[in-house]
$ cat input.cif   # mmCIF, C-alpha atoms
data_work
loop_
_atom_site.group_PDB
_atom_site.id
_atom_site.type_symbol
_atom_site.label_atom_id
_atom_site.label_comp_id
_atom_site.auth_asym_id
_atom_site.auth_seq_id
_atom_site.Cartn_x
_atom_site.Cartn_y
_atom_site.Cartn_z
ATOM 1 C CA MET S 1 -106.966 131.961 52.179
ATOM 2 C CA ALA S 2 -104.295 132.300 49.490
ATOM 3 C CA THR S 3 -101.379 130.131 48.362
ATOM 4 C CA TYR S 4 -98.138 131.562 46.978
ATOM 5 C CA VAL S 5 -94.724 130.420 45.793
ATOM 6 C CA ILE S 6 -91.789 132.791 46.373
ATOM 7 C CA GLY S 7 -88.498 132.801 44.482
ATOM 8 C CA ASP S 8 -84.871 132.720 45.658
ATOM 9 C CA ILE S 9 -84.435 135.027 48.675
ATOM 10 C CA HIS S 10 -80.683 134.624 49.318
ATOM 11 C CA GLY S 11 -80.692 136.387 52.673
ATOM 12 C CA CYS S 12 -82.511 139.485 51.379
ATOM 13 C CA ASP S 13 -84.899 139.752 54.312
ATOM 14 C CA ARG S 14 -86.031 143.342 53.758
ATOM 15 C CA SER S 15 -87.075 142.394 50.242
ATOM 16 C CA PHE S 16 -88.785 139.283 51.625
ATOM 17 C CA ASN S 17 -90.691 141.376 54.155
ATOM 18 C CA ALA S 18 -91.675 143.908 51.484
ATOM 19 C CA LEU S 19 -93.040 141.104 49.312
ATOM 20 C CA LEU S 20 -95.025 139.635 52.212
ATOM 21 C CA LYS S 21 -96.556 143.064 52.779
ATOM 22 C CA LYS S 22 -97.356 143.437 49.088
ATOM 23 C CA ILE S 23 -99.299 140.170 49.015
ATOM 24 C CA ASN S 24 -100.894 141.036 52.374
ATOM 25 C CA PHE S 25 -99.671 137.752 53.836
ATOM 26 C CA LYS S 26 -101.873 136.392 56.636
ATOM 27 C CA PRO S 27 -99.988 133.618 58.466
ATOM 28 C CA ASN S 28 -103.145 132.259 60.073
ATOM 29 C CA THR S 29 -104.859 131.554 56.765
ATOM 30 C CA ASP S 30 -102.368 131.824 53.886
ATOM 31 C CA LYS S 31 -99.749 129.326 52.754
ATOM 32 C CA ILE S 32 -96.346 130.163 51.285
ATOM 33 C CA TYR S 33 -93.966 127.784 49.550
ATOM 34 C CA LEU S 34 -90.345 128.729 48.882
ATOM 35 C CA VAL S 35 -88.124 127.457 46.061
ATOM 36 C CA GLY S 36 -84.977 127.307 48.202
ATOM 37 C CA ASP S 37 -81.748 129.294 48.360
ATOM 38 C CA LEU S 38 -83.207 130.989 51.388
ATOM 39 C CA ILE S 39 -79.776 132.083 52.563
ATOM 40 C CA ASN S 40 -76.280 133.183 51.556
ATOM 41 C CA ARG S 41 -74.807 136.091 49.622
ATOM 42 C CA GLY S 42 -77.423 138.529 50.943
ATOM 43 C CA PRO S 43 -76.891 140.482 54.190
ATOM 44 C CA ARG S 44 -79.692 139.062 56.361
ATOM 45 C CA SER S 45 -79.750 135.266 56.220
ATOM 46 C CA VAL S 46 -80.481 134.928 59.933
ATOM 47 C CA ASP S 47 -83.456 137.272 59.639
ATOM 48 C CA VAL S 48 -84.841 135.256 56.725
ATOM 49 C CA LEU S 49 -84.628 131.994 58.659
ATOM 50 C CA GLU S 50 -86.139 133.554 61.772
ATOM 51 C CA ARG S 51 -89.011 134.989 59.739
ATOM 52 C CA ILE S 52 -89.724 131.577 58.219
ATOM 53 C CA LEU S 53 -89.530 129.807 61.576
ATOM 54 C CA ASP S 54 -91.855 132.400 63.117
ATOM 55 C CA SER S 55 -94.449 131.377 60.502
ATOM 56 C CA ALA S 56 -93.469 127.714 60.303
ATOM 57 C CA THR S 57 -97.047 126.473 60.014
ATOM 58 C CA ALA S 58 -97.646 128.776 57.044
ATOM 59 C CA MET S 59 -94.316 128.490 55.192
ATOM 60 C CA GLN S 60 -92.550 125.494 53.688
ATOM 61 C CA SER S 61 -89.386 125.414 51.586
ATOM 62 C CA VAL S 62 -87.476 123.019 49.404
ATOM 63 C CA LEU S 63 -83.703 122.939 49.689
ATOM 64 C CA GLY S 64 -81.547 124.930 47.294
ATOM 65 C CA ASN S 65 -77.878 124.441 46.545
ATOM 66 C CA HIS S 66 -76.859 127.331 48.829
ATOM 67 C CA ASP S 67 -78.858 125.834 51.680
ATOM 68 C CA LEU S 68 -77.047 122.538 51.117
ATOM 69 C CA ASN S 69 -73.694 124.320 51.019
ATOM 70 C CA PHE S 70 -74.493 125.832 54.394
ATOM 71 C CA LEU S 71 -75.293 122.436 55.905
ATOM 72 C CA ALA S 72 -71.987 121.070 54.627
ATOM 73 C CA ALA S 73 -70.097 124.103 55.962
ATOM 74 C CA ALA S 74 -71.826 123.812 59.335
ATOM 75 C CA ALA S 75 -70.695 120.191 59.549
ATOM 76 C CA GLY S 76 -67.123 121.155 58.644
ATOM 77 C CA PHE S 77 -67.006 119.451 55.252
ATOM 78 C CA VAL S 78 -66.469 122.558 53.104
ATOM 79 C CA LYS S 79 -64.631 125.809 53.649
ATOM 80 C CA ILE S 80 -66.655 128.995 53.771
ATOM 81 C CA LYS S 81 -65.845 131.050 50.672
ATOM 82 C CA LYS S 82 -65.183 134.775 50.580
ATOM 83 C CA ASN S 83 -68.643 135.685 49.270
ATOM 84 C CA ASP S 84 -70.512 133.303 51.572
ATOM 85 C CA THR S 85 -72.405 134.724 54.539
ATOM 86 C CA PHE S 86 -72.762 131.485 56.497
ATOM 87 C CA SER S 87 -70.767 132.808 59.449
ATOM 88 C CA SER S 88 -73.627 135.114 60.399
ATOM 89 C CA ILE S 89 -75.755 132.017 61.022
ATOM 90 C CA LEU S 90 -73.071 129.884 62.636
ATOM 91 C CA THR S 91 -72.210 132.586 65.177
ATOM 92 C CA THR S 92 -75.761 132.966 66.475
ATOM 93 C CA LYS S 93 -76.548 131.761 69.982
ATOM 94 C CA ASN S 94 -78.074 128.514 68.732
ATOM 95 C CA PRO S 95 -77.292 127.804 65.064
ATOM 96 C CA TYR S 96 -78.644 124.264 65.427
ATOM 97 C CA VAL S 97 -82.178 125.642 65.320
ATOM 98 C CA PHE S 98 -81.502 126.723 61.731
ATOM 99 C CA ILE S 99 -79.492 123.611 60.863
ATOM 100 C CA ASP S 100 -82.269 121.339 62.119
ATOM 101 C CA TYR S 101 -84.861 123.322 60.174
ATOM 102 C CA LEU S 102 -82.971 123.017 56.889
ATOM 103 C CA ARG S 103 -82.288 119.315 57.438
ATOM 104 C CA GLN S 104 -86.008 118.608 57.483
ATOM 105 C CA CYS S 105 -86.729 120.514 54.261
ATOM 106 C CA PRO S 106 -87.487 118.312 51.226
ATOM 107 C CA LEU S 107 -86.235 118.618 47.660
ATOM 108 C CA MET S 108 -89.733 118.478 46.198
ATOM 109 C CA ILE S 109 -93.201 119.612 47.223
ATOM 110 C CA LYS S 110 -96.461 118.524 45.578
ATOM 111 C CA ILE S 111 -99.519 120.788 45.793
ATOM 112 C CA GLU S 112 -102.995 120.342 44.393
ATOM 113 C CA THR S 113 -105.321 123.339 44.295
ATOM 114 C CA GLU S 114 -108.802 123.630 42.839
ATOM 115 C CA PHE S 115 -107.286 124.755 39.552
ATOM 116 C CA ASN S 116 -103.723 123.456 39.376
ATOM 117 C CA GLN S 117 -101.408 120.566 40.167
ATOM 118 C CA ILE S 118 -98.076 122.051 41.190
ATOM 119 C CA ILE S 119 -94.575 120.678 41.737
ATOM 120 C CA ILE S 120 -92.026 122.885 43.520
ATOM 121 C CA VAL S 121 -88.302 122.193 43.204
ATOM 122 C CA HIS S 122 -85.232 124.383 43.395
ATOM 123 C CA ALA S 123 -83.613 123.824 39.994
ATOM 124 C CA GLY S 124 -85.602 121.233 38.094
ATOM 125 C CA MET S 125 -86.696 117.657 37.487
ATOM 126 C CA HIS S 126 -84.908 115.342 35.099
ATOM 127 C CA PRO S 127 -87.015 114.846 31.952
ATOM 128 C CA SER S 128 -86.710 111.065 32.258
ATOM 129 C CA TRP S 129 -88.397 111.145 35.672
ATOM 130 C CA SER S 130 -92.088 110.687 36.257
ATOM 131 C CA ILE S 131 -93.666 112.574 39.159
ATOM 132 C CA GLU S 132 -93.740 109.307 41.103
ATOM 133 C CA ASP S 133 -90.043 108.712 40.379
ATOM 134 C CA ALA S 134 -89.079 112.199 41.518
ATOM 135 C CA TRP S 135 -91.075 111.820 44.718
ATOM 136 C CA ARG S 136 -89.311 108.549 45.538
ATOM 137 C CA TYR S 137 -85.888 110.110 44.949
ATOM 138 C CA ASN S 138 -86.861 113.051 47.145
ATOM 139 C CA LEU S 139 -87.793 110.604 49.916
ATOM 140 C CA GLU S 140 -84.410 108.889 49.586
ATOM 141 C CA ILE S 141 -82.671 112.172 50.404
ATOM 142 C CA ILE S 142 -85.083 112.980 53.225
ATOM 143 C CA GLN S 143 -84.317 109.619 54.806
ATOM 144 C CA VAL S 144 -80.578 110.341 54.744
ATOM 145 C CA PHE S 145 -80.898 113.925 55.980
ATOM 146 C CA GLN S 146 -83.045 112.885 58.925
ATOM 147 C CA ASP S 147 -80.853 109.920 59.866
ATOM 148 C CA LYS S 148 -79.216 110.136 63.297
ATOM 149 C CA ASP S 149 -76.769 107.248 62.939
ATOM 150 C CA GLY S 150 -74.117 108.849 60.738
ATOM 151 C CA LYS S 151 -75.547 108.463 57.224
ATOM 152 C CA TYR S 152 -76.227 112.202 56.993
ATOM 153 C CA GLU S 153 -72.635 113.167 57.843
ATOM 154 C CA GLN S 154 -71.209 110.437 55.616
ATOM 155 C CA PHE S 155 -73.159 111.751 52.658
ATOM 156 C CA LEU S 156 -72.414 115.436 53.329
ATOM 157 C CA ALA S 157 -68.716 114.607 53.151
ATOM 158 C CA ARG S 158 -69.278 113.208 49.637
ATOM 159 C CA MET S 159 -72.164 115.347 48.413
ATOM 160 C CA PHE S 160 -70.228 117.710 46.150
ATOM 161 C CA GLY S 161 -69.039 116.889 42.669
ATOM 162 C CA ASN S 162 -70.180 116.858 39.047
ATOM 163 C CA SER S 163 -70.065 113.091 38.656
ATOM 164 C CA PRO S 164 -72.189 111.320 37.699
ATOM 165 C CA ASN S 165 -73.657 113.907 35.327
ATOM 166 C CA PHE S 166 -76.419 111.583 34.126
ATOM 167 C CA TRP S 167 -79.336 109.715 35.604
ATOM 168 C CA ASN S 168 -79.604 105.945 35.678
ATOM 169 C CA GLU S 169 -81.902 104.013 37.977
ATOM 170 C CA GLU S 170 -79.064 101.555 38.564
ATOM 171 C CA LEU S 171 -76.918 104.182 40.312
ATOM 172 C CA SER S 172 -76.336 103.343 43.957
ATOM 173 C CA GLY S 173 -74.753 104.627 47.141
ATOM 174 C CA HIS S 174 -73.386 108.146 47.373
ATOM 175 C CA GLU S 175 -73.204 108.488 43.577
ATOM 176 C CA ARG S 176 -76.951 107.964 43.363
ATOM 177 C CA LEU S 177 -77.652 110.457 46.135
ATOM 178 C CA ARG S 178 -75.283 113.018 44.590
ATOM 179 C CA ALA S 179 -76.999 112.668 41.208
ATOM 180 C CA ILE S 180 -80.406 113.218 42.818
ATOM 181 C CA ILE S 181 -79.152 116.296 44.676
ATOM 182 C CA ASN S 182 -77.525 117.745 41.548
ATOM 183 C CA ILE S 183 -80.647 117.271 39.449
ATOM 184 C CA PHE S 184 -82.981 118.815 41.997
ATOM 185 C CA THR S 185 -80.704 121.713 43.008
ATOM 186 C CA ARG S 186 -78.125 122.465 40.275
ATOM 187 C CA MET S 187 -79.525 121.484 36.884
ATOM 188 C CA ARG S 188 -79.920 124.028 34.089
ATOM 189 C CA PHE S 189 -78.850 122.649 30.715
ATOM 190 C CA LEU S 190 -78.711 119.114 29.313
ATOM 191 C CA ASP S 191 -76.914 117.739 26.289
ATOM 192 C CA LYS S 192 -78.492 115.497 23.656
ATOM 193 C CA ASP S 193 -77.936 112.451 25.896
ATOM 194 C CA LEU S 194 -79.721 114.194 28.801
ATOM 195 C CA LYS S 195 -76.453 114.628 30.685
ATOM 196 C CA LEU S 196 -76.189 117.648 32.971
ATOM 197 C CA ASP S 197 -73.925 120.509 31.939
ATOM 198 C CA PHE S 198 -72.602 122.331 34.996
ATOM 199 C CA ASP S 199 -70.514 124.938 33.166
ATOM 200 C CA PHE S 200 -72.912 127.117 31.198
ATOM 201 C CA LYS S 201 -75.141 129.287 33.417
ATOM 202 C CA GLU S 202 -76.141 132.193 31.199
ATOM 203 C CA LYS S 203 -79.178 133.192 29.151
ATOM 204 C CA LEU S 204 -80.943 130.817 26.786
ATOM 205 C CA SER S 205 -80.058 133.020 23.825
ATOM 206 C CA GLN S 206 -76.358 132.557 24.561
ATOM 207 C CA ALA S 207 -76.430 128.779 24.971
ATOM 208 C CA PRO S 208 -74.262 126.562 22.751
ATOM 209 C CA GLU S 209 -76.217 124.603 20.146
ATOM 210 C CA HIS S 210 -75.570 121.252 21.802
ATOM 211 C CA LEU S 211 -77.258 122.297 25.061
ATOM 212 C CA THR S 212 -80.983 122.415 25.831
ATOM 213 C CA PRO S 213 -82.667 123.787 28.962
ATOM 214 C CA TRP S 214 -83.986 120.865 30.994
ATOM 215 C CA PHE S 215 -87.585 122.050 30.698
ATOM 216 C CA ASN S 216 -87.558 121.874 26.886
ATOM 217 C CA SER S 217 -86.960 118.114 26.841
ATOM 218 C CA PRO S 218 -90.035 115.851 26.502
ATOM 219 C CA ARG S 219 -91.364 114.426 29.769
ATOM 220 C CA PRO S 220 -93.193 111.135 30.459
ATOM 221 C CA GLU S 221 -96.129 113.115 31.883
ATOM 222 C CA ASN S 222 -97.126 116.755 31.638
ATOM 223 C CA ASN S 223 -100.180 117.245 33.833
ATOM 224 C CA HIS S 224 -98.338 119.291 36.478
ATOM 225 C CA LYS S 225 -96.826 122.763 36.503
ATOM 226 C CA ILE S 226 -93.242 122.701 37.790
ATOM 227 C CA ILE S 227 -92.257 125.909 39.590
ATOM 228 C CA PHE S 228 -88.548 126.433 40.174
ATOM 229 C CA GLY S 229 -85.866 129.026 40.865
ATOM 230 C CA HIS S 230 -82.055 128.767 40.838
ATOM 231 C CA TRP S 231 -81.552 130.366 37.426
ATOM 232 C CA ALA S 232 -81.293 134.144 37.834
ATOM 233 C CA ALA S 233 -79.962 134.574 34.297
ATOM 234 C CA LEU S 234 -83.149 132.943 33.008
ATOM 235 C CA GLY S 235 -85.339 135.178 35.139
ATOM 236 C CA LEU S 236 -89.109 135.040 34.982
ATOM 237 C CA HIS S 237 -89.721 132.396 32.337
ATOM 238 C CA GLN S 238 -92.853 130.383 31.663
ATOM 239 C CA THR S 239 -93.554 127.444 29.405
ATOM 240 C CA LYS S 240 -96.750 125.420 29.236
ATOM 241 C CA HIS S 241 -95.593 123.153 32.060
ATOM 242 C CA THR S 242 -92.892 125.125 33.923
ATOM 243 C CA LEU S 243 -92.360 128.493 35.580
ATOM 244 C CA CYS S 244 -89.052 129.963 36.745
ATOM 245 C CA ILE S 245 -89.436 132.631 39.444
ATOM 246 C CA ASP S 246 -85.812 133.423 40.271
ATOM 247 C CA THR S 247 -85.854 137.083 39.265
ATOM 248 C CA GLY S 248 -82.406 137.885 40.629
ATOM 249 C CA CYS S 249 -83.141 139.701 43.875
ATOM 250 C CA ILE S 250 -79.618 139.012 45.145
ATOM 251 C CA TRP S 251 -78.251 140.781 42.048
ATOM 252 C CA GLY S 252 -80.238 143.941 42.766
ATOM 253 C CA ASN S 253 -83.279 142.945 40.748
ATOM 254 C CA MET S 254 -86.737 141.784 41.818
ATOM 255 C CA LEU S 255 -88.104 139.269 44.312
ATOM 256 C CA SER S 256 -91.182 137.497 43.002
ATOM 257 C CA ALA S 257 -94.203 135.634 44.308
ATOM 258 C CA VAL S 258 -96.849 133.849 42.294
ATOM 259 C CA ARG S 259 -100.307 133.045 43.600
ATOM 260 C CA ILE S 260 -101.187 129.515 42.531
ATOM 261 C CA ASP S 261 -104.685 128.883 43.922
ATOM 262 C CA THR S 262 -106.406 130.958 41.245
ATOM 263 C CA PRO S 263 -107.535 129.955 37.711
ATOM 264 C CA LYS S 264 -104.611 131.949 36.320
ATOM 265 C CA PHE S 265 -101.396 132.524 38.237
ATOM 266 C CA GLU S 266 -101.058 136.028 39.698
ATOM 267 C CA LEU S 267 -97.573 137.556 39.807
ATOM 268 C CA PHE S 268 -96.321 139.936 42.509
ATOM 269 C CA MET S 269 -92.884 141.569 42.476
ATOM 270 C CA VAL S 270 -90.906 143.969 44.645
ATOM 271 C CA GLU S 271 -87.608 145.683 44.040
ATOM 272 C CA ASN S 272 -84.563 144.728 46.091
ATOM 273 C CA HIS S 273 -84.744 146.485 49.476
ATOM 274 C CA ASP S 274 -81.460 145.127 50.818
#

$ encode --input "input.cif" --output "structure tokens"
Amino acid sequence: MATYVIGDIHGCDRSFNALLKKINFKPNTDKIYLVGDLINRGPRSVDVLERILDSATAMQSVLGNHDLNFLAAAAGFVKIKKNDTFSSILTTKNPYVFIDYLRQCPLMIKIETEFNQIIIVHAGMHPSWSIEDAWRYNLEIIQVFQDKDGKYEQFLARMFGNSPNFWNEELSGHERLRAIINIFTRMRFLDKDLKLDFDFKEKLSQAPEHLTPWFNSPRPENNHKIIFGHWAALGLHQTKHTLCIDTGCIWGNMLSAVRIDTPKFELFMVENHD
């Protein structure tokens, strides 16, 4: 039995399949966690979702920002952009199978192995949050996304936007939910007041002096390893308490998996096959 975390797939199913073969994935005994952005931009989003659903008991994903964009597009709240590949999913015989799957995905997964305590998110966790805080905020979103009385649609219609760009426990309503979503799925850099910067998306070496990557800010507790994706320009990047595994497969680079149930993480990579 082995446990892995796989980086941003973005509809690159041939690369995904090649990586599963490289790690000798056994769906009856192994467990795979995914950092989100399962779909979009790549040519085979439907195949990715079908592959995950075929191994649903062995694979679990958090939501990424592209997955959220798809849900909003499917509900008619955003227009599909030129580079989006959502139409390939929406024109399948039963797109609601994929919509329902994504709606039940969380924003955060907690894993405890013999050797490690792991948190999986798409983009990050705000440095002011404890693990308990983050879990509660994740549950708030889950409750809305699984609601069948209109709260889900009401929020999707108001989900997008850069405001508020800060976290405050006193936030409420759709602003609170939007802030939680943005932190979990869009965050990269913070300013000195721990406000999110949504404009700069490049390498750390190119960052303006007033911006700091979220993972370099002190945290209230540091006994977990946070594994995330979202940041292709950052690439494979490890600190004492964080690991980014978005290695830019959608940009023609590598797709990565890390085995987390071993004393030291083991890295596996394949070239883009799509």

$ closest_residue --input "input.cif" --among "S:Val97, S:Met159, S:Leu171, S:Ile180" --to "Trp129 (chain S)" --atoms "all atoms listed in the file"
S:Ile180

$ closest_residue --input "input.cif" --among "S:Lys22, S:Lys195, S:His10, S:Arg188" --to "Leu267 (chain S)" --atoms "all atoms listed in the file"
S:Lys22

$ resolve_selection --input "input.cif" --expression "the PyMOL selection byres ((chain S and resi 11) around 10)" --output "PDB file with C-alpha atoms, in the coordinates of the input"
ATOM      1  CA  ASP S   8     -84.871 132.720  45.658  1.00  0.00           C
ATOM      2  CA  ILE S   9     -84.435 135.027  48.675  1.00  0.00           C
ATOM      3  CA  HIS S  10     -80.683 134.624  49.318  1.00  0.00           C
ATOM      4  CA  CYS S  12     -82.511 139.485  51.379  1.00  0.00           C
ATOM      5  CA  ASP S  13     -84.899 139.752  54.312  1.00  0.00           C
ATOM      6  CA  ARG S  14     -86.031 143.342  53.758  1.00  0.00           C
ATOM      7  CA  SER S  15     -87.075 142.394  50.242  1.00  0.00           C
ATOM      8  CA  PHE S  16     -88.785 139.283  51.625  1.00  0.00           C
ATOM      9  CA  ASP S  37     -81.748 129.294  48.360  1.00  0.00           C
ATOM     10  CA  LEU S  38     -83.207 130.989  51.388  1.00  0.00           C
ATOM     11  CA  ILE S  39     -79.776 132.083  52.563  1.00  0.00           C
ATOM     12  CA  ASN S  40     -76.280 133.183  51.556  1.00  0.00           C
ATOM     13  CA  ARG S  41     -74.807 136.091  49.622  1.00  0.00           C
ATOM     14  CA  GLY S  42     -77.423 138.529  50.943  1.00  0.00           C
ATOM     15  CA  PRO S  43     -76.891 140.482  54.190  1.00  0.00           C
ATOM     16  CA  ARG S  44     -79.692 139.062  56.361  1.00  0.00           C
ATOM     17  CA  SER S  45     -79.750 135.266  56.220  1.00  0.00           C
ATOM     18  CA  VAL S  46     -80.481 134.928  59.933  1.00  0.00           C
ATOM     19  CA  ASP S  47     -83.456 137.272  59.639  1.00  0.00           C
ATOM     20  CA  VAL S  48     -84.841 135.256  56.725  1.00  0.00           C
ATOM     21  CA  LEU S  49     -84.628 131.994  58.659  1.00  0.00           C
ATOM     22  CA  THR S  85     -72.405 134.724  54.539  1.00  0.00           C
ATOM     23  CA  CYS S 249     -83.141 139.701  43.875  1.00  0.00           C
ATOM     24  CA  ILE S 250     -79.618 139.012  45.145  1.00  0.00           C
ATOM     25  CA  ASP S 274     -81.460 145.127  50.818  1.00  0.00           C
TER      26      ASP S 274
END

$ closest_residue --input "input.cif" --among "S:Ile23, S:Ala232, S:Ile181, S:Met108" --to "Lys201 (chain S)" --atoms "only C-alpha atoms"
S:Ala232

$ closest_residue --input "input.cif" --among "S:Glu170, S:Phe86, S:Val62, S:Lys192" --to "Ile142 (chain S)" --atoms "all atoms listed in the file"
S:Val62

$ resolve_selection --input "input.cif" --expression "the PyMOL selection byres ((chain S and resi 115) around 12)" --output "VMD selection string"
chain S and resid 3 111 to 114 116 to 118 223 to 225 259 to 265

$ resolve_selection --input "input.cif" --expression "the PyMOL selection byres ((chain S and resi 103) around 9)" --output "VMD selection string"
chain S and resid 63 68 71 98 to 102 104 to 106 142 145 to 146

$ atom_distance --input "input.cif" --atom1 "CA of Leu234 (chain S)" --atom2 "CA of Leu204 (chain S)"
6.9 Å

$ closest_residue --input "input.cif" --among "S:Tyr4, S:Phe77, S:Tyr96, S:Phe166" --to "Gln154 (chain S)" --atoms "only C-alpha atoms"
S:Phe77

$ residues_around --input "input.cif" --residues "Val258 (chain S)" --least-positions-apart "6" --cutoff "12 Å" --atoms "only C-alpha atoms" --output "short mmCIF file (atom, residue, chain, number, x, y, z; two decimals) with C-alpha atoms, in the coordinates of the input"
data_model
loop_
_atom_site.label_atom_id
_atom_site.label_comp_id
_atom_site.auth_asym_id
_atom_site.auth_seq_id
_atom_site.Cartn_x
_atom_site.Cartn_y
_atom_site.Cartn_z
CA ALA S 2 -104.30 132.30 49.49
CA THR S 3 -101.38 130.13 48.36
CA TYR S 4 -98.14 131.56 46.98
CA VAL S 5 -94.72 130.42 45.79
CA ILE S 6 -91.79 132.79 46.37
CA GLY S 7 -88.50 132.80 44.48
CA LEU S 19 -93.04 141.10 49.31
CA LEU S 20 -95.02 139.64 52.21
CA LYS S 22 -97.36 143.44 49.09
CA ILE S 23 -99.30 140.17 49.02
CA LYS S 31 -99.75 129.33 52.75
CA ILE S 32 -96.35 130.16 51.28
CA TYR S 33 -93.97 127.78 49.55
CA LEU S 34 -90.34 128.73 48.88
CA VAL S 35 -88.12 127.46 46.06
CA ILE S 118 -98.08 122.05 41.19
CA ILE S 227 -92.26 125.91 39.59
CA PHE S 228 -88.55 126.43 40.17
CA LEU S 236 -89.11 135.04 34.98
CA GLN S 238 -92.85 130.38 31.66
CA LEU S 243 -92.36 128.49 35.58
CA CYS S 244 -89.05 129.96 36.74
CA ILE S 245 -89.44 132.63 39.44
CA ASP S 246 -85.81 133.42 40.27
CA THR S 247 -85.85 137.08 39.26
CA LYS S 264 -104.61 131.95 36.32
CA PHE S 265 -101.40 132.52 38.24
CA GLU S 266 -101.06 136.03 39.70
CA LEU S 267 -97.57 137.56 39.81
CA PHE S 268 -96.32 139.94 42.51
CA MET S 269 -92.88 141.57 42.48
CA VAL S 270 -90.91 143.97 44.64
#
